[in-house]
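Peer 1: I have a structure I would like to understand better, so I am pasting it below and will then ask my questions one at a time.
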Amino acid sequence: MIWLSLLGWLLSLVSLLVALRYLRRKRLIDDMPTSKTQGVFIGQCELKGTAESEKPFIGFLSGKQCVLYTWTIHEHWSRTTMCMTSNGPKARRESGWKEVSHGGESAPFYLKDDTGIIRIVPKGAKLHTVVLLEKKCNRRDSLYYDKGPKRAVANSTHRRRFREVAIPLHATIYVTGRSRERADIVAPEVAYDKKASLFVIATRTEKQITRSYARWFWFWMVLGLLIAGGAGFCYNSVKFPPSTSVYAFAAGGYLLVFCLGWLWATYNSLVGLRNRVHQGWSQIEVQLKRRNDLIPRLVECVAGYKSHETGLQVALAELRSQAQAVPDMTHAVGAVLVALSERYPMLKAEESFLKLQQELSATEQRIALARSYFNEVTAFYNIRLEIIPDRLVAAIAGLKLQAQWQADGFERASVEVCLSD
């Protein structure tokens with residue numbers, strides 16, 4: 001009983017660690033603002049949008065379009081076995097389901113929101129999918145042999161269970177994970193990282209996921225408390241005389257360890273949130289530096305091209321006027337025009353101006369998204385520092401409130417764009 005009591009204490013601590021793990025995941029999602037696809041920076045991020053793909057898959061069982069899917073087929077079996085009892089041999093009925101086939105397809109896809117798209121690499125993610133098909137049938141159903149194997153398992157009752165889960169094309173999804181730079185182009189993507197705290201791709205909402213984590217947290221916490229009480233009972237059974245104080249000691253010790261674990265999880269969560277605030281501030285500086293370095297170069301390039309094209313158009317106009325004044329020179333001037341067109345490629349100033357305008361708009365949008373992200377994560381951080389019981393941990397750790405972005409008096413000078421002659 002002593003060894004059983006020690007085993008119970010060990011299991012209660014394991015249950016407590018699992019509970020704290022779900023608590024940490026819940027706090028991470030609660031403290032993370034949702035980013036836009038154009039505002040995704042390197043690091044942990046949270047996104048909401050629709051699942052899109054250039055080449056969607058077709059579900060093997062359902063025939064529906066999806067960005068990833070898995071399917072399984074189980075076959076039912078039943079048999080009678082003989083077992084020995086005190087009264088002699090006795091027949092016993094056994095049955096169950098055996099997997100006879102499975103498969104699926106998965107590839108990187110895109111999450112789309114109102115600002116753009118970002119690639120998602122689902123390998124290694126915790127998937128929360130939807131059921132596209134779930135059906136039980138016998139051999140009279142065409143699905144039985146069309147999708148299932150031709151051969152039956154031993155002792156088969158000729159009943160099969162088909163199930164397919166997937167993330168459908170255009171489905172609304174929630175993604176949280178670590179973003180990184182893509183290897184093929186200069187753009188971010190969300191993929192598995194062993195250093196990431198969480199990588200989830202779900203067709204459920206953020207609230208549904210956090211509620212699920214909260215339920216699992218309370219389940220494992222209460223289970224650990226019950227196991228600790230059982231360990232106290234085992235210890236009390238070998239003690240003479242038995243004492244009720246053992247149960248109080250077991251429950252009190254478990255709650256004390258839980259409080260220490262909660263303080264540890266809360267402090268780490270607040271520090272992580274503070275680091276995301278600092279990261280958000282640095283991203284604003286990065287985008288402002290990008291605007292200051294990029295836009296003048298673009299303006300210089302477009303202005304230089306504008307002057308080049310203006311001179312070219314003047315030369316062409318003079319040649320045309322000469323050709324009209326002297327008809328005999330038409331063929332000669334035509335040859336000169338062909339030579340000029342070969343020397344100078346077909347360039348249009350309006351396209352360059354349009355690209356500059358688009359780049360200006362994209363740059364300002366990136367800055368606005370960086371500011372918005374900083375203010376949102378700062379608001380989450382300040383709320384955590386002001387609510388109880390997090391406020392007590394913040395006071396002990398010396399964490400201070402963070403001021404939000406104030407444009408007045410701190411706005412960086414915008415880059416002047418002047419292309420007049």
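Ordering of the structure tokens sets the chain letters (A, B, ...); residue numbers start at 1 within each chain; ligands are numbered from 1 in the order shown.
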Using DSSP assignments from the backbone, pull out every residue in stretch 23-269 of chain A that falls under alpha helix (DSSP H) and give it to me as a PyMOL selection string.
Peer 2: chain A and resi 23-30+142-146+206-237+245-269
Peer 1: If we count only C-alpha atoms, what is near A:Ile209 at a cut-off of 12 Å, once residues fewer than 5 positions away on the same chain are taken out, given as a PyMOL selection string?
Peer 2: chain A and resi 22+25-30+126-128+173-176+200-204+214-216
Peer 1: Tell me which of A:Ile58, A:Ala154, A:Ala395, A:Leu23 sits closest to A:Val100, counting only C-alpha atoms.
Peer 2: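 Closest to A:Val100, using only C-alpha atoms: A:Ala154.
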Peer 1: Would you return as a ChimeraX atom specification the members of stretch 72-304 of chain A that DSSP assigns to strand (DSSP E) on this structure's backbone?
Peer 2: /A:72-85,88-106,109-113,116-120,126-128,130-138,156-168,172-181,188-191,200-202
Peer 1: Near A:Ile118, within 7 Å and counting only C-alpha atoms, which residues show up once chain neighbours fewer than 5 positions away are dropped, as an mmCIF file with N, CA and C atoms, in the first residue's frame?
Peer 2:
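So out.cif came out as:
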```
data_model
loop_
_atom_site.group_PDB
_atom_site.id
_atom_site.type_symbol
_atom_site.label_atom_id
_atom_site.label_comp_id
_atom_site.auth_asym_id
_atom_site.auth_seq_id
_atom_site.Cartn_x
_atom_site.Cartn_y
_atom_site.Cartn_z
ATOM 1 N N THR A 37 -3.030 38.873 -43.044
ATOM 2 C CA THR A 37 -1.996 38.155 -43.795
ATOM 3 C C THR A 37 -0.867 39.090 -44.234
ATOM 4 N N TYR A 110 -3.240 27.789 -48.819
ATOM 5 C CA TYR A 110 -3.217 29.214 -48.512
ATOM 6 C C TYR A 110 -4.387 29.588 -47.609
ATOM 7 N N LEU A 111 -4.106 30.521 -46.719
ATOM 8 C CA LEU A 111 -5.155 31.155 -45.930
ATOM 9 C C LEU A 111 -5.390 32.538 -46.515
ATOM 10 N N LYS A 112 -6.638 32.853 -46.794
ATOM 11 C CA LYS A 112 -7.000 34.110 -47.440
ATOM 12 C C LYS A 112 -7.885 34.939 -46.526
ATOM 13 N N PRO A 188 6.290 35.497 -46.037
ATOM 14 C CA PRO A 188 6.221 34.613 -44.866
ATOM 15 C C PRO A 188 5.327 33.403 -45.128
ATOM 16 N N GLU A 189 5.504 32.383 -44.310
ATOM 17 C CA GLU A 189 4.638 31.218 -44.290
ATOM 18 C C GLU A 189 4.553 30.699 -42.871
#
```
Peer 1: List the spatial neighbours of A:Ser156 as a PDB file with N, CA and C atoms, in the first residue's frame - criterion: any atom at most 8 Å away, only C-alpha atoms, same-chain residues fewer than 2 positions off excluded.
Peer 2:
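Contents of the output file selection.pdb:
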```
ATOM      1  N   GLU A  75     -13.670  -2.860 -40.780  1.00  0.00           N
ATOM      2  CA  GLU A  75     -14.587  -3.980 -41.043  1.00  0.00           C
ATOM      3  C   GLU A  75     -14.892  -4.710 -39.737  1.00  0.00           C
ATOM      4  N   HIS A  76     -16.156  -5.059 -39.561  1.00  0.00           N
ATOM      5  CA  HIS A  76     -16.597  -5.692 -38.328  1.00  0.00           C
ATOM      6  C   HIS A  76     -16.395  -7.204 -38.411  1.00  0.00           C
ATOM      7  N   TRP A  77     -15.956  -7.782 -37.284  1.00  0.00           N
ATOM      8  CA  TRP A  77     -15.764  -9.228 -37.203  1.00  0.00           C
ATOM      9  C   TRP A  77     -16.380  -9.747 -35.916  1.00  0.00           C
ATOM     10  N   SER A  78     -16.690 -11.012 -35.912  1.00  0.00           N
ATOM     11  CA  SER A  78     -17.283 -11.659 -34.729  1.00  0.00           C
ATOM     12  C   SER A  78     -16.939 -13.142 -34.753  1.00  0.00           C
ATOM     13  N   ALA A 152     -12.297  -9.943 -47.605  1.00  0.00           N
ATOM     14  CA  ALA A 152     -12.833  -9.726 -46.265  1.00  0.00           C
ATOM     15  C   ALA A 152     -11.834 -10.214 -45.216  1.00  0.00           C
ATOM     16  N   VAL A 153     -11.950  -9.677 -44.007  1.00  0.00           N
ATOM     17  CA  VAL A 153     -11.105 -10.126 -42.902  1.00  0.00           C
ATOM     18  C   VAL A 153     -11.650 -11.437 -42.351  1.00  0.00           C
ATOM     19  N   ALA A 154     -10.864 -12.105 -41.528  1.00  0.00           N
ATOM     20  CA  ALA A 154     -11.314 -13.365 -40.913  1.00  0.00           C
ATOM     21  C   ALA A 154     -12.511 -13.109 -40.003  1.00  0.00           C
ATOM     22  N   HIS A 158     -19.363  -8.842 -42.601  1.00  0.00           N
ATOM     23  CA  HIS A 158     -19.639  -8.127 -43.849  1.00  0.00           C
ATOM     24  C   HIS A 158     -20.356  -6.797 -43.585  1.00  0.00           C
ATOM     25  N   ARG A 159     -19.860  -6.115 -42.595  1.00  0.00           N
ATOM     26  CA  ARG A 159     -20.274  -4.736 -42.335  1.00  0.00           C
ATOM     27  C   ARG A 159     -19.006  -3.886 -42.260  1.00  0.00           C
TER      28      ARG A 159
END
```
Peer 1: Neighbouring residues of A:Glu181 were defined as those with any atom within 12 Å, considering only C-alpha atoms; residues of the same chain fewer than 5 positions away were excluded. Please report them as a PyMOL selection string.
Peer 2: chain A and resi 40-43+118-120+186-191
Peer 1: Write a file of the selected residues as an mmCIF file, in the first residue's frame, keeping N, CA and C atoms.
Peer 2:
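Final output, saved to again.cif:
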```
data_model
loop_
_atom_site.group_PDB
_atom_site.id
_atom_site.type_symbol
_atom_site.label_atom_id
_atom_site.label_comp_id
_atom_site.auth_asym_id
_atom_site.auth_seq_id
_atom_site.Cartn_x
_atom_site.Cartn_y
_atom_site.Cartn_z
ATOM 1 N N VAL A 40 1.652 39.808 -41.177
ATOM 2 C CA VAL A 40 2.315 38.701 -40.483
ATOM 3 C C VAL A 40 3.810 38.952 -40.460
ATOM 4 N N PHE A 41 4.389 38.887 -39.270
ATOM 5 C CA PHE A 41 5.824 39.049 -39.096
ATOM 6 C C PHE A 41 6.407 37.726 -38.595
ATOM 7 N N ILE A 42 7.697 37.617 -38.613
ATOM 8 C CA ILE A 42 8.361 36.393 -38.190
ATOM 9 C C ILE A 42 8.126 36.189 -36.698
ATOM 10 N N GLY A 43 7.626 35.012 -36.338
ATOM 11 C CA GLY A 43 7.322 34.702 -34.947
ATOM 12 C C GLY A 43 5.927 34.121 -34.806
ATOM 13 N N ILE A 118 -1.568 33.896 -47.412
ATOM 14 C CA ILE A 118 -0.313 33.428 -46.832
ATOM 15 C C ILE A 118 -0.304 31.913 -46.893
ATOM 16 N N ARG A 119 0.859 31.335 -47.175
ATOM 17 C CA ARG A 119 0.942 29.880 -47.309
ATOM 18 C C ARG A 119 1.019 29.222 -45.939
ATOM 19 N N ILE A 120 0.285 28.111 -45.809
ATOM 20 C CA ILE A 120 0.264 27.302 -44.585
ATOM 21 C C ILE A 120 0.815 25.925 -44.923
ATOM 22 N N VAL A 186 10.297 35.985 -51.356
ATOM 23 C CA VAL A 186 10.362 36.814 -50.157
ATOM 24 C C VAL A 186 8.944 37.014 -49.641
ATOM 25 N N ALA A 187 8.520 36.125 -48.784
ATOM 26 C CA ALA A 187 7.172 36.164 -48.211
ATOM 27 C C ALA A 187 7.152 35.238 -47.000
ATOM 28 N N PRO A 188 6.290 35.497 -46.037
ATOM 29 C CA PRO A 188 6.221 34.613 -44.866
ATOM 30 C C PRO A 188 5.327 33.403 -45.128
ATOM 31 N N GLU A 189 5.504 32.383 -44.310
ATOM 32 C CA GLU A 189 4.638 31.218 -44.290
ATOM 33 C C GLU A 189 4.553 30.699 -42.871
ATOM 34 N N VAL A 190 3.481 29.998 -42.560
ATOM 35 C CA VAL A 190 3.293 29.418 -41.230
ATOM 36 C C VAL A 190 3.561 27.920 -41.337
ATOM 37 N N ALA A 191 4.503 27.430 -40.552
ATOM 38 C CA ALA A 191 4.904 26.029 -40.625
ATOM 39 C C ALA A 191 5.308 25.547 -39.237
#
```
Peer 1: If you count only C-alpha atoms, which residues fall within 9 Å of A:Met32, apart from same-chain ones fewer than 5 positions away, as a JSON list (two decimals) with C-alpha atoms, in the first residue's frame?
Peer 2:
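File around-v8.json, as written:
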```
[["chain", "number", "residue", "atom", "x", "y", "z"],
["A", 27, "ARG", "CA", -3.56, 31.69, -22.14],
["A", 44, "GLN", "CA", 4.19, 33.35, -33.30],
["A", 45, "CYS", "CA", 1.04, 34.60, -34.99],
["A", 46, "GLU", "CA", -2.70, 34.05, -35.16],
["A", 273, "LEU", "CA", 3.24, 38.63, -23.78],
["A", 276, "ARG", "CA", 5.47, 40.15, -28.08],
["A", 376, "GLU", "CA", -3.72, 45.24, -29.80],
["A", 377, "VAL", "CA", -1.01, 43.17, -28.13],
["A", 380, "PHE", "CA", -3.89, 42.50, -24.04]]
```
Peer 1: Of the residues A:Met82, A:Ile284, A:Ala379, A:Ala91, which is the one nearest to A:Ile367, using only C-alpha atoms?
Peer 2: A:Ile284
Peer 1: Which residues come within 12 Å of A:Thr80, counting only C-alpha atoms, excluding same-chain residues fewer than 4 positions away, as number ranges by chain?
Peer 2: A: 90-95, 155
Peer 1: Check the smallest atom-to-atom distance from each of A:Arg160, A:His102, A:Leu226, A:Leu7 to A:Arg139 using only C-alpha atoms, then report the winner.
Peer 2: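 Smallest separation from A:Arg139 among the options: A:Arg160.
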Peer 1: Which is closest to A:Leu263 among A:Ala228, A:Lys194, A:Ser282, A:Pro389, if we use only C-alpha atoms?
Peer 2: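 Using only C-alpha atoms, A:Leu263 sits closest to A:Pro389.
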Peer 1: Ranking A:Pro56, A:Gly63, A:Gly148, A:Gly88 by minimum distance to A:Lys136 and counting only C-alpha atoms, which one comes first?
Peer 2: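 Among A:Pro56, A:Gly63, A:Gly148, A:Gly88, it is A:Gly148 that comes nearest to A:Lys136.
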Peer 1: Taking only C-alpha atoms into account, name the residue in A:Gly59, A:Pro33, A:Gly261, A:Gly280 that is nearest to A:Pro168.
Peer 2: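 That would be A:Gly59, the residue with the smallest distance to A:Pro168.
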